[in-house]
$ cat protein-v7.txt   # compact mmCIF, C-alpha atoms
# COMPACT_ATOMS: atom_id res chain seq x y z
CA MET A 17 -18.26 57.39 62.34
CA ARG A 18 -20.03 54.09 62.42
CA GLU A 19 -20.57 54.25 58.64
CA VAL A 20 -16.86 54.66 58.04
CA SER A 21 -16.09 51.84 60.42
CA ALA A 22 -18.66 49.56 58.73
CA ARG A 23 -17.19 50.37 55.32
CA HIS A 24 -13.69 49.73 56.56
CA HIS A 25 -14.80 46.42 58.11
CA SER A 26 -16.55 45.45 54.87
CA TYR A 27 -13.42 46.32 52.87
CA ARG A 28 -11.20 44.26 55.19
CA LYS A 29 -13.60 41.32 54.94
CA PHE A 30 -13.56 41.57 51.12
CA THR A 31 -9.75 41.75 51.09
CA TYR A 32 -9.51 38.71 53.37
CA GLN A 33 -11.89 36.71 51.14
CA ARG A 34 -9.92 37.71 48.08
CA LYS A 35 -6.67 36.54 49.68
CA GLN A 36 -8.29 33.23 50.62
CA LEU A 37 -9.52 32.79 47.04
CA LYS A 38 -6.00 33.37 45.73
CA VAL A 39 -4.64 30.78 48.19
CA TRP A 40 -7.18 28.18 47.05
CA LEU A 41 -6.59 28.92 43.38
CA LYS A 42 -2.85 28.44 43.94
CA ARG A 43 -3.51 25.12 45.70
CA ILE A 44 -5.77 23.91 42.90
CA LEU A 45 -3.24 24.97 40.26
CA ILE A 46 -0.40 23.22 42.10
CA GLY A 47 -2.58 20.09 42.40
CA LEU A 48 -3.36 20.11 38.66
CA VAL A 49 0.32 20.54 37.79
CA ALA A 50 1.20 17.65 40.12
CA VAL A 51 -1.43 15.41 38.48
CA LEU A 52 -0.11 16.36 35.04
CA ILE A 53 3.47 15.55 36.04
CA VAL A 54 2.41 12.18 37.49
CA ALA A 55 0.49 11.39 34.29
CA LEU A 56 3.50 12.30 32.12
CA VAL A 57 5.81 10.17 34.27
CA GLY A 58 3.32 7.29 34.02
CA ILE A 59 3.19 7.59 30.22
CA ALA A 60 6.99 7.71 30.05
CA ILE A 61 7.30 4.58 32.21
CA PHE A 62 4.70 2.83 30.03
CA LEU A 63 6.57 3.72 26.85
CA LEU A 64 9.89 2.59 28.28
CA THR A 65 8.62 -0.75 29.57
CA PHE A 66 5.88 -1.76 27.09
CA ASP A 67 7.00 -4.01 24.25
CA PRO A 68 4.22 -4.63 21.70
CA ASN A 69 6.40 -7.28 20.00
CA ALA A 70 5.93 -9.49 23.05
CA TYR A 71 2.33 -9.98 21.90
CA LYS A 72 3.16 -11.16 18.35
CA SER A 73 3.13 -14.87 19.15
CA ARG A 74 -0.06 -14.55 21.22
CA LEU A 75 -1.78 -12.68 18.38
CA GLU A 76 -0.65 -15.28 15.85
CA GLN A 77 -1.94 -18.07 18.11
CA LEU A 78 -5.27 -16.31 18.64
CA VAL A 79 -5.80 -15.91 14.89
CA TYR A 80 -5.01 -19.59 14.31
CA GLU A 81 -7.35 -20.76 17.09
CA ARG A 82 -10.23 -18.56 15.97
CA TYR A 83 -9.92 -18.69 12.16
CA HIS A 84 -7.64 -21.67 11.41
CA ARG A 85 -5.37 -19.35 9.48
CA THR A 86 -1.68 -18.67 9.96
CA LEU A 87 -0.83 -15.06 10.74
CA SER A 88 2.81 -14.21 10.21
CA ILE A 89 4.24 -10.91 11.49
CA GLU A 90 7.83 -10.74 10.28
CA GLY A 91 8.49 -7.08 11.06
CA ASP A 92 8.33 -5.17 14.30
CA ILE A 93 5.19 -3.80 15.92
CA GLU A 94 5.73 -0.16 16.81
CA LEU A 95 3.68 1.89 19.25
CA SER A 96 3.20 5.61 18.70
CA LEU A 97 1.62 8.26 20.90
CA PHE A 98 2.28 11.38 18.86
CA PRO A 99 0.65 12.84 16.81
CA ARG A 100 -1.93 10.04 17.26
CA ILE A 101 -2.14 6.96 19.45
CA GLY A 102 -1.57 3.99 17.19
CA LEU A 103 0.33 0.96 16.03
CA ALA A 104 2.44 0.24 12.99
CA VAL A 105 3.21 -3.27 11.75
CA GLN A 106 5.47 -4.46 8.94
CA ASP A 107 5.65 -7.53 6.70
CA VAL A 108 2.40 -9.26 7.67
CA SER A 109 0.75 -12.16 5.88
CA LEU A 110 -2.34 -14.28 6.47
CA SER A 111 -2.82 -17.76 5.04
CA ASP A 112 -5.90 -19.37 3.58
CA ARG A 113 -8.02 -21.43 5.98
CA ASP A 114 -6.23 -24.70 6.90
CA SER A 115 -3.65 -24.09 4.18
CA PRO A 116 -0.10 -22.72 3.95
CA ALA A 117 -1.04 -20.70 0.82
CA THR A 118 -1.04 -16.93 1.32
CA PHE A 119 -4.45 -15.27 1.34
CA ALA A 120 -3.35 -11.67 1.96
CA SER A 121 -0.21 -9.74 2.82
CA PHE A 122 0.99 -6.19 3.20
CA ASP A 123 4.30 -4.43 3.65
CA THR A 124 3.25 -1.87 6.27
CA ALA A 125 0.08 -0.84 8.04
CA ARG A 126 -0.54 2.00 10.45
CA PHE A 127 -3.57 2.14 12.73
CA ALA A 128 -4.47 5.41 14.47
CA VAL A 129 -6.98 5.42 17.34
CA ALA A 130 -9.29 8.32 18.18
CA ILE A 131 -8.69 9.44 21.77
CA TRP A 132 -12.05 10.91 22.78
CA PRO A 133 -14.14 7.72 22.23
CA LEU A 134 -11.69 5.76 24.43
CA MET A 135 -13.04 7.72 27.38
CA PHE A 136 -16.47 6.23 26.70
CA ASN A 137 -15.16 2.65 26.37
CA ARG A 138 -15.35 2.73 22.56
CA LEU A 139 -12.52 1.86 20.21
CA VAL A 140 -12.60 3.96 17.06
CA VAL A 141 -9.80 3.35 14.62
CA ASP A 142 -9.46 6.85 13.27
CA HIS A 143 -7.33 5.96 10.29
CA VAL A 144 -5.77 2.91 8.64
CA ALA A 145 -2.97 3.30 6.09
CA VAL A 146 -1.75 0.19 4.26
CA THR A 147 1.08 -0.06 1.75
CA GLY A 148 1.98 -3.03 -0.39
CA PHE A 149 -1.37 -4.81 0.11
CA LYS A 150 -1.84 -8.01 -1.89
CA ALA A 151 -4.75 -10.45 -1.71
CA TRP A 152 -5.37 -13.69 -3.59
CA LEU A 153 -9.10 -14.28 -3.93
CA VAL A 154 -10.11 -17.81 -4.86
CA ARG A 155 -13.57 -19.23 -5.52
CA ASP A 156 -14.01 -22.94 -4.89
CA GLU A 157 -16.22 -25.41 -6.77
CA GLN A 158 -19.24 -24.53 -4.57
CA GLY A 159 -18.86 -20.83 -5.44
CA ARG A 160 -17.52 -19.76 -2.01
CA PHE A 161 -14.63 -17.34 -1.76
CA ASN A 162 -11.59 -18.07 0.38
CA PHE A 163 -12.52 -15.17 2.70
CA SER A 164 -16.12 -16.24 3.35
CA ASP A 165 -15.21 -17.67 6.78
CA LEU A 166 -13.93 -14.22 7.83
CA VAL A 167 -17.17 -12.37 7.04
CA HIS A 168 -20.67 -12.95 8.44
CA ARG A 169 -23.71 -12.58 6.23
CA SER A 170 -24.25 -9.09 7.69
CA GLY A 171 -20.81 -8.02 6.47
CA SER A 172 -19.15 -7.72 9.88
CA LEU A 173 -15.99 -9.54 10.80
CA ALA A 174 -16.51 -12.97 12.30
CA GLY A 175 -15.90 -13.13 16.02
CA VAL A 176 -15.74 -9.34 16.45
CA ASP A 177 -18.34 -7.50 18.49
CA ASN A 178 -19.02 -4.29 16.59
CA ALA A 179 -20.45 -2.49 19.63
CA GLY A 180 -17.96 0.23 20.41
CA LEU A 181 -15.92 -0.20 17.22
CA GLY A 182 -15.62 2.18 14.31
CA LEU A 183 -13.42 3.16 11.37
CA THR A 184 -13.34 6.66 9.95
CA GLY A 185 -10.54 6.56 7.36
CA PHE A 186 -8.70 4.05 5.19
CA ASP A 187 -5.81 4.54 2.76
CA ALA A 188 -4.30 1.80 0.62
CA ASP A 189 -1.20 2.39 -1.47
CA GLY A 190 -1.09 0.14 -4.53
CA PRO A 191 -3.43 -2.73 -3.61
CA VAL A 192 -3.09 -5.81 -5.77
CA LEU A 193 -5.99 -8.26 -5.93
CA ALA A 194 -5.69 -11.53 -7.81
CA HIS A 195 -8.83 -13.56 -8.47
CA SER A 196 -8.92 -17.14 -9.62
CA ALA A 197 -11.13 -20.20 -9.57
CA ALA A 198 -10.10 -23.29 -7.65
CA ALA A 199 -9.12 -25.10 -10.85
CA SER A 200 -6.57 -22.44 -11.75
CA ARG A 201 -5.09 -22.08 -8.26
CA ARG A 202 -1.81 -20.15 -8.12
CA ALA A 203 1.44 -21.98 -7.50
$ encode --input "protein-v7.txt" --output "C-alpha cells"
Amino acid sequence: MREVSARHHSYRKFTYQRKQLKVWLKRILIGLVAVLIVALVGIAIFLLTFDPNAYKSRLEQLVYERYHRTLSIEGDIELSLFPRIGLAVQDVSLSDRDSPATFASFDTARFAVAIWPLMFNRLVVDHVAVTGFKAWLVRDEQGRFNFSDLVHRSGSLAGVDNAGLGLTGFDADGPVLAHSAAASRRA
C-alpha cells in the first residue's frame, strides 16, 4: 500500500511541477511578446518623427569645415528599414577644394547597412549603389590630383577612423570620369 501511495505522491508532484513549468513558459512568452510590441511601437514612432532631411545643412557644413569643399544635396534624404536599413540620397554634388567648380556628382545613391555588426558597435555598409556618377579629375602643375586632400597616403579617407567601418558591395551605374590637366581646365 505504501508503494502505491509513494507512486501516487510522485505522480502528483510531477504533475504539479509540469503545471508550474507551463505557467512560467506562458509568462516568459507573454513577456517576449510585450517586448516585441514595445520595440515595434518604438520603431514606428522613430519612423514617424525622424526627418533625415533636417541633417542636410549640418552635413553640408561639416563637409565644408573639414574638407573646404561645398557639398550640395538638392534631393531628399530617405530612410529605409526594409528590406535593409539604409539611406537614399538624390542629386548630390561636391566641389573642388576652395572652389565652386564641381569635383563629383551623382543622381542617386543608396547605402545599406548590415544589422549584425551594429550590435558590436561596428558600422558596415553592406552595399552602395550609385547611379549617374560623374567625376572631374584634374592634375595641377605639381602633379597632384584634385582629390588628394580627401585620401591619406594609406588610401583611407581623410578624417575617418576606419576602426569599425567596412564596405562589402558597390554598384555604379554608368560612371563618367573626366581627366584633365590644370592648363586645360573645364569651363
$ residues_around --input "protein-v7.txt" --residues "Ser121 in chain A" --least-positions-apart "5" --cutoff "6 Å" --atoms "only C-alpha atoms" --output "PyMOL selection string"
chain A and resi 108-109+149-150
$ residues_around --input "protein-v7.txt" --residues "Phe122 in chain A" --least-positions-apart "5" --cutoff "12 Å" --atoms "only C-alpha atoms" --output "list of chain:residue names"
A:Leu87, A:Ser88, A:Ile89, A:Glu90, A:Gly91, A:Ala104, A:Val105, A:Gln106, A:Asp107, A:Val108, A:Ser109, A:Leu110, A:Ala145, A:Val146, A:Thr147, A:Gly148, A:Phe149, A:Lys150, A:Ala151, A:Trp152, A:Ala188, A:Asp189, A:Gly190, A:Pro191, A:Val192, A:Leu193
$ atom_distance --input "protein-v7.txt" --atom1 "CA of Val129 in chain A" --atom2 "CA of Ile59 in chain A"
16.6 Å
$ atom_distance --input "protein-v7.txt" --atom1 "CA of Val167 in chain A" --atom2 "CA of Tyr83 in chain A"
10.9 Å
$ axis_aligned_box --input "protein-v7.txt" --around "range 106-119 of chain A" --padding-each-side "5 Å" --output "lines of an AutoDock Vina configuration file"
center_x = -1.2
center_y = -14.6
center_z = 4.9
size_x = 23.7
size_y = 30.2
size_z = 18.1
$ closest_residue --input "protein-v7.txt" --among "A:Arg113, A:Arg100, A:Arg28, A:Lys38" --to "Ser164 in chain A" --atoms "only C-alpha atoms"
A:Arg113
